[in-house]
>>> print(open('coords-v9.cif').read())   # mmCIF, C-alpha atoms and all ligand atoms
data_structure
loop_
_atom_site.group_PDB
_atom_site.id
_atom_site.type_symbol
_atom_site.label_atom_id
_atom_site.label_comp_id
_atom_site.auth_asym_id
_atom_site.auth_seq_id
_atom_site.Cartn_x
_atom_site.Cartn_y
_atom_site.Cartn_z
ATOM 1 C CA MET A 1 -27.400 -8.484 -0.093
ATOM 2 C CA GLU A 2 -26.208 -5.129 -1.211
ATOM 3 C CA LYS A 3 -23.351 -4.212 -3.500
ATOM 4 C CA LEU A 4 -21.132 -1.680 -1.740
ATOM 5 C CA ASP A 5 -19.058 1.038 -3.377
ATOM 6 C CA ILE A 6 -15.369 0.214 -3.358
ATOM 7 C CA VAL A 7 -13.186 3.078 -2.205
ATOM 8 C CA LEU A 8 -10.385 3.878 -4.620
ATOM 9 C CA TYR A 9 -6.869 5.072 -3.902
ATOM 10 C CA PRO A 10 -5.965 7.803 -2.841
ATOM 11 C CA GLU A 11 -9.087 8.143 -0.659
ATOM 12 C CA ALA A 12 -7.966 9.173 2.857
ATOM 13 C CA GLY A 13 -9.814 6.293 4.574
ATOM 14 C CA LEU A 14 -7.401 3.826 2.988
ATOM 15 C CA ARG A 15 -4.616 5.396 5.039
ATOM 16 C CA GLU A 16 -6.258 5.098 8.455
ATOM 17 C CA VAL A 17 -5.623 2.513 11.146
ATOM 18 C CA CYS A 18 -8.937 0.708 11.694
ATOM 19 C CA ALA A 19 -10.556 0.083 15.059
ATOM 20 C CA PRO A 20 -10.800 -3.387 16.625
ATOM 21 C CA ILE A 21 -14.197 -5.086 16.713
ATOM 22 C CA ALA A 22 -15.520 -5.797 20.200
ATOM 23 C CA GLU A 23 -18.142 -8.423 19.380
ATOM 24 C CA MET A 24 -20.385 -9.773 16.668
ATOM 25 C CA ASN A 25 -23.732 -8.118 16.054
ATOM 26 C CA ASP A 26 -26.452 -8.003 13.415
ATOM 27 C CA SER A 27 -25.116 -4.975 11.573
ATOM 28 C CA LEU A 28 -21.688 -6.620 11.303
ATOM 29 C CA ASP A 29 -23.354 -9.761 10.025
ATOM 30 C CA LYS A 30 -25.054 -7.775 7.271
ATOM 31 C CA LEU A 31 -21.813 -5.942 6.474
ATOM 32 C CA ILE A 32 -20.013 -9.300 6.076
ATOM 33 C CA ASP A 33 -22.676 -10.532 3.633
ATOM 34 C CA ASP A 34 -22.490 -7.293 1.666
ATOM 35 C CA MET A 35 -18.689 -7.343 1.597
ATOM 36 C CA LEU A 36 -18.603 -10.945 0.341
ATOM 37 C CA TYR A 37 -21.185 -10.100 -2.307
ATOM 38 C CA THR A 38 -19.192 -7.039 -3.370
ATOM 39 C CA MET A 39 -15.940 -9.014 -3.467
ATOM 40 C CA TYR A 40 -17.366 -11.857 -5.602
ATOM 41 C CA ASP A 41 -19.076 -9.352 -7.876
ATOM 42 C CA ALA A 42 -15.897 -7.284 -8.462
ATOM 43 C CA PRO A 43 -14.489 -9.986 -8.910
ATOM 44 C CA GLY A 44 -11.762 -10.217 -6.308
ATOM 45 C CA ILE A 45 -10.281 -12.689 -3.821
ATOM 46 C CA GLY A 46 -10.122 -10.367 -0.826
ATOM 47 C CA LEU A 47 -11.700 -7.235 0.575
ATOM 48 C CA ALA A 48 -11.000 -5.246 3.724
ATOM 49 C CA ALA A 49 -13.630 -3.108 5.488
ATOM 50 C CA PRO A 50 -11.849 0.237 4.850
ATOM 51 C CA GLN A 51 -12.210 -0.544 1.121
ATOM 52 C CA VAL A 52 -15.954 -0.104 1.599
ATOM 53 C CA ALA A 53 -15.476 2.954 3.841
ATOM 54 C CA VAL A 54 -15.854 1.098 7.157
ATOM 55 C CA GLN A 55 -12.899 1.736 9.468
ATOM 56 C CA GLN A 56 -13.098 -1.534 11.376
ATOM 57 C CA ARG A 57 -10.811 -4.537 11.538
ATOM 58 C CA LEU A 58 -12.701 -6.943 9.295
ATOM 59 C CA ILE A 59 -11.518 -8.788 6.188
ATOM 60 C CA VAL A 60 -13.212 -11.256 3.840
ATOM 61 C CA MET A 61 -11.483 -13.548 1.368
ATOM 62 C CA ASP A 62 -11.969 -16.503 -0.936
ATOM 63 C CA VAL A 63 -8.946 -17.921 -2.727
ATOM 64 C CA SER A 64 -10.638 -21.173 -3.795
ATOM 65 C CA GLU A 65 -10.860 -22.005 -7.495
ATOM 66 C CA LYS A 66 -14.635 -22.251 -7.461
ATOM 67 C CA GLY A 67 -15.141 -19.237 -5.228
ATOM 68 C CA ASN A 68 -17.179 -21.180 -2.703
ATOM 69 C CA GLU A 69 -14.927 -21.072 0.351
ATOM 70 C CA PRO A 70 -15.394 -17.689 1.981
ATOM 71 C CA ILE A 71 -13.170 -16.772 4.909
ATOM 72 C CA VAL A 72 -14.230 -14.042 7.331
ATOM 73 C CA LEU A 73 -11.827 -12.698 9.939
ATOM 74 C CA MET A 74 -12.173 -9.928 12.480
ATOM 75 C CA ASN A 75 -9.221 -8.430 14.344
ATOM 76 C CA PRO A 76 -6.879 -10.623 12.272
ATOM 77 C CA GLU A 77 -3.284 -10.889 13.401
ATOM 78 C CA VAL A 78 -0.245 -12.665 12.034
ATOM 79 C CA VAL A 79 1.327 -14.263 15.092
ATOM 80 C CA GLN A 80 4.132 -16.146 13.347
ATOM 81 C CA SER A 81 5.632 -15.987 9.906
ATOM 82 C CA ALA A 82 8.327 -17.798 7.964
ATOM 83 C CA GLY A 83 9.682 -18.232 4.452
ATOM 84 C CA LYS A 84 9.442 -15.925 1.487
ATOM 85 C CA ILE A 85 7.174 -15.770 -1.504
ATOM 86 C CA THR A 86 6.813 -13.347 -4.381
ATOM 87 C CA TRP A 87 3.402 -12.860 -5.879
ATOM 88 C CA GLU A 88 1.921 -10.551 -8.442
ATOM 89 C CA GLU A 89 -0.671 -8.683 -6.398
ATOM 90 C CA GLY A 90 -3.548 -6.483 -7.401
ATOM 91 C CA CYS A 91 -6.071 -4.523 -5.360
ATOM 92 C CA LEU A 92 -9.720 -3.614 -5.864
ATOM 93 C CA SER A 93 -8.863 -0.110 -4.645
ATOM 94 C CA MET A 94 -6.236 0.259 -7.394
ATOM 95 C CA PRO A 95 -7.879 -1.474 -10.361
ATOM 96 C CA GLY A 96 -5.558 -2.193 -13.258
ATOM 97 C CA ILE A 97 -2.338 -2.068 -11.231
ATOM 98 C CA TYR A 98 -0.338 -5.228 -10.579
ATOM 99 C CA ALA A 99 2.953 -5.430 -8.751
ATOM 100 C CA THR A 100 5.250 -8.224 -7.674
ATOM 101 C CA ILE A 101 5.524 -8.145 -3.889
ATOM 102 C CA LYS A 102 7.682 -10.212 -1.562
ATOM 103 C CA ARG A 103 6.130 -11.415 1.716
ATOM 104 C CA PRO A 104 6.459 -14.285 4.208
ATOM 105 C CA SER A 105 5.088 -17.476 2.628
ATOM 106 C CA ASP A 106 3.850 -19.256 5.737
ATOM 107 C CA ILE A 107 1.926 -17.588 8.497
ATOM 108 C CA LEU A 108 0.009 -18.420 11.626
ATOM 109 C CA VAL A 109 -3.099 -16.264 11.822
ATOM 110 C CA ARG A 110 -5.345 -15.459 14.735
ATOM 111 C CA GLY A 111 -8.679 -13.688 14.725
ATOM 112 C CA MET A 112 -12.388 -13.895 15.357
ATOM 113 C CA ASP A 113 -14.714 -15.709 12.987
ATOM 114 C CA ARG A 114 -18.318 -14.911 12.043
ATOM 115 C CA ASP A 115 -19.644 -16.749 15.061
ATOM 116 C CA GLY A 116 -17.591 -14.542 17.346
ATOM 117 C CA LYS A 117 -15.241 -17.434 18.112
ATOM 118 C CA GLN A 118 -11.475 -16.973 18.423
ATOM 119 C CA ILE A 119 -9.699 -19.025 15.779
ATOM 120 C CA GLU A 120 -6.115 -19.706 14.805
ATOM 121 C CA PHE A 121 -4.923 -21.379 11.628
ATOM 122 C CA GLU A 122 -1.946 -21.742 9.319
ATOM 123 C CA ALA A 123 -1.908 -20.294 5.834
ATOM 124 C CA SER A 124 0.564 -20.504 2.997
ATOM 125 C CA GLU A 125 1.042 -19.333 -0.584
ATOM 126 C CA LEU A 126 -1.887 -17.417 -2.067
ATOM 127 C CA LEU A 127 -3.963 -17.473 1.111
ATOM 128 C CA ALA A 128 -1.002 -16.188 3.150
ATOM 129 C CA VAL A 129 -0.404 -13.444 0.578
ATOM 130 C CA CYS A 130 -4.066 -12.491 0.563
ATOM 131 C CA ILE A 131 -4.396 -12.358 4.369
ATOM 132 C CA GLN A 132 -1.292 -10.173 4.677
ATOM 133 C CA HIS A 133 -2.507 -7.873 1.892
ATOM 134 C CA GLU A 134 -5.885 -7.439 3.607
ATOM 135 C CA ILE A 135 -4.411 -6.949 7.093
ATOM 136 C CA ASP A 136 -2.218 -4.218 5.600
ATOM 137 C CA HIS A 137 -5.416 -2.390 4.624
ATOM 138 C CA LEU A 138 -6.523 -2.389 8.281
ATOM 139 C CA ASP A 139 -3.306 -0.570 9.128
ATOM 140 C CA GLY A 140 -3.684 1.996 6.373
ATOM 141 C CA LYS A 141 -1.153 0.296 4.150
ATOM 142 C CA MET A 142 -1.391 -0.369 0.405
ATOM 143 C CA PHE A 143 0.387 -3.199 -1.433
ATOM 144 C CA ILE A 144 2.456 -0.718 -3.428
ATOM 145 C CA ASP A 145 4.006 0.483 -0.146
ATOM 146 C CA HIS A 146 6.056 -2.723 -0.277
ATOM 147 C CA LEU A 147 7.708 -1.599 -3.514
ATOM 148 C CA SER A 148 10.977 0.287 -3.742
ATOM 149 C CA GLY A 149 10.722 4.046 -4.310
ATOM 150 C CA LEU A 150 11.077 4.025 -8.077
ATOM 151 C CA LYS A 151 8.739 1.074 -8.692
ATOM 152 C CA ARG A 152 6.199 2.633 -6.358
ATOM 153 C CA THR A 153 6.342 5.969 -8.175
ATOM 154 C CA ARG A 154 5.858 4.186 -11.495
ATOM 155 C CA ALA A 155 2.866 2.245 -10.211
ATOM 156 C CA LEU A 156 1.291 5.450 -8.892
ATOM 157 C CA GLN A 157 1.848 7.229 -12.216
ATOM 158 C CA GLN A 158 0.356 4.305 -14.071
ATOM 159 C CA PHE A 159 -2.687 4.322 -11.813
ATOM 160 C CA ARG A 160 -3.182 8.077 -12.193
ATOM 161 C CA LYS A 161 -3.080 7.650 -15.958
ATOM 162 C CA LEU A 162 -5.643 4.834 -15.847
ATOM 163 C CA MET A 163 -7.963 6.950 -13.709
ATOM 164 C CA GLU A 164 -7.643 9.916 -16.082
ATOM 165 C CA GLN A 165 -8.567 7.707 -19.028
ATOM 166 C CA LYS A 166 -11.688 6.613 -17.173
ATOM 167 C CA GLU A 167 -12.940 10.160 -16.616
HETATM 168 ZN ZN ZN B 1 -6.171 -4.396 -1.571
#
>>> encode(input="coords-v9.cif", output="structure tokens")
Amino acid sequence: MEKLDIVLYPEAGLREVCAPIAEMNDSLDKLIDDMLYTMYDAPGIGLAAPQVAVQQRLIVMDVSEKGNEPIVLMNPEVVQSAGKITWEEGCLSMPGIYATIKRPSDILVRGMDRDGKQIEFEASELLAVCIQHEIDHLDGKMFIDHLSGLKRTRALQQFRKLMEQKE
């Protein structure tokens, strides 16, 4: 397994709409392993393919306490949603920035798993938040886009400052 470079905001690739995946193949299988490895190493609970510079509709997640329940989804879609939840979200492409975001709390998700099988399942709370955050990435959307104008500007300023300190 290989550790991949995580693309940081405001890299243009994070703003692109990613292409659907037609079918499973060996290179995708390797990419999934590398993405999971990169996500656990970061450490993070979710990673979308555009965050490793691959513009395809693939996300990996693990919201379990022990970090031993990986979830892999291709062409993920939220087909139903209900309720509301606010969660303090962060993103591996904007390290150091956290923002409270409101999203639906219960979702029905559809997609393709690692075996190339179509699956559908319900998710709530943290998993629902995580899936929606990662699907946003596939549509070129960042979590801070859910903030109001002023809060979003502040988060961007804060991130710029953090990046300058790193240089
Ligand atoms: Zn993210």
>>> resolve_selection(input="coords-v9.cif", expression="the PyMOL selection byres (((not hetatm)) within 12 of (chain B and resi 1))", output="ChimeraX atom specification")
/A:6-9,14-15,39,44-52,59-61,89-99,129-145
>>> closest_residue(input="coords-v9.cif", among="A:Ser105, A:Gln165, A:Asn25, A:Ser124", to="A:Gly83", atoms="all atoms listed in the file")
A:Ser105
>>> atom_distance(input="coords-v9.cif", atom1="atom CA of A:Asp41", atom2="atom CA of A:Pro104")
28.7 Å
>>> resolve_selection(input="coords-v9.cif", expression="the PyMOL selection byres (((chain A and resi 28) around 12) and not hetatm)", output="list in words")
Ile21, Ala22, Glu23, Met24, Asn25, Asp26, Ser27, Asp29, Lys30, Leu31, Ile32, Asp33, Asp34, Met35, Ala49, Val54, Gln56, Arg57, Leu58, Ile59, Val72, Leu73, Met74, Asp113, Arg114, Asp115 and Gly116 of chain A
>>> residues_around(input="coords-v9.cif", residues="A:Ser81", least_positions_apart="4", cutoff="7 Å", atoms="all atoms listed in the file", output="list of chain:residue names")
A:Pro104, A:Asp106, A:Ile107, A:Leu108
>>> resolve_selection(input="coords-v9.cif", expression="the PyMOL selection byres (((chain A and resi 79) around 12) and not hetatm)", output="tab-separated table (two decimals) with C-alpha atoms, keeping the file's coordinate frame")
chain	number	residue	atom	x	y	z
A	76	PRO	CA	-6.88	-10.62	12.27
A	77	GLU	CA	-3.28	-10.89	13.40
A	78	VAL	CA	-0.24	-12.66	12.03
A	80	GLN	CA	4.13	-16.15	13.35
A	81	SER	CA	5.63	-15.99	9.91
A	82	ALA	CA	8.33	-17.80	7.96
A	106	ASP	CA	3.85	-19.26	5.74
A	107	ILE	CA	1.93	-17.59	8.50
A	108	LEU	CA	0.01	-18.42	11.63
A	109	VAL	CA	-3.10	-16.26	11.82
A	110	ARG	CA	-5.34	-15.46	14.74
A	111	GLY	CA	-8.68	-13.69	14.72
A	120	GLU	CA	-6.12	-19.71	14.80
A	121	PHE	CA	-4.92	-21.38	11.63
A	122	GLU	CA	-1.95	-21.74	9.32
A	123	ALA	CA	-1.91	-20.29	5.83
A	132	GLN	CA	-1.29	-10.17	4.68
>>> atom_distance(input="coords-v9.cif", atom1="atom CA of A:Leu156", atom2="atom CA of A:Glu88")
16.0 Å
